[in-house]
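J.: Below you will find the structure I want to go over with you.
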Amino acid sequence: MSQNLNLAQENAFNLARTLMVPVVLFQVDDAFGVMVASEYDGEEDSIVHEYDPWSPAH
């Protein structure tokens with residue numbers, strides 16, 4: 001978990017590209033976490049962004 005959003009975003013993007021699976025960046029209180037999307041079972045409202053390595057960049 002990180003309290004720095006920019007660091008969490010970079011880690012999420014890199015993890016998605018390394019594992020080649022979608023990952024979610026989520027927030028709990030003041031901390032951010034990253035995990036594989038298929039394993040995430042938390043609240044949908046906690047998700048900040050989902051990184052999918054297979055979708056084209058915006």
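Simple scheme: letters A, B, ... for chains in structure tokens order, numbers from 1 for residues in each chain, numbers from 1 for ligands in the order shown.
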Need to verify the contact set: region 3-20 of chain A, 7 Å, only C-alpha atoms, exclusion of same-chain residues closer than 4 positions in sequence. Can you return it as a ChimeraX atom specification?
T.: /A:25,30-34,51-53
J.: As a VMD selection string, which residues of chain A does DSSP assign to helix (DSSP H, G or I)?
T.: chain A and resid 5 to 19 37 to 39 44 to 46
J.: Neighbouring residues of Glu39 (chain A) were defined as those with any atom within 12 Å, considering only C-alpha atoms; residues of the same chain fewer than 2 positions away were excluded. Please report them as a ChimeraX atom specification.
T.: /A:21-24,34-37,41-42
J.: Limited to C-alpha atoms, could you put the picked residues into a file as an mmCIF file, in the first residue's frame?
T.:
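Everything below was put into part_33.cif:
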```cif
data_model
loop_
_atom_site.group_PDB
_atom_site.id
_atom_site.type_symbol
_atom_site.label_atom_id
_atom_site.label_comp_id
_atom_site.auth_asym_id
_atom_site.auth_seq_id
_atom_site.Cartn_x
_atom_site.Cartn_y
_atom_site.Cartn_z
ATOM 1 C CA VAL A 21 -3.307 -9.074 -16.993
ATOM 2 C CA PRO A 22 -5.740 -6.330 -15.925
ATOM 3 C CA VAL A 23 -4.997 -4.847 -12.510
ATOM 4 C CA VAL A 24 -6.980 -2.462 -10.339
ATOM 5 C CA VAL A 34 -2.774 -2.530 -6.575
ATOM 6 C CA MET A 35 -3.842 -6.083 -7.315
ATOM 7 C CA VAL A 36 -4.854 -8.362 -10.168
ATOM 8 C CA ALA A 37 -8.410 -7.490 -11.194
ATOM 9 C CA ASP A 41 -13.295 -8.656 -4.221
ATOM 10 C CA GLY A 42 -13.588 -5.249 -2.575
#
```
J.: DSSP says strand (DSSP E or B) for which residues of chain A? Put them as a list in words?
T.: Ser2, Val23, Val24, Leu25, Phe26, Gln27, Val28, Ala31, Phe32, Gly33, Val34, Met35, Val36, Ile47, Val48, His49, Glu50 and Tyr51 of chain A
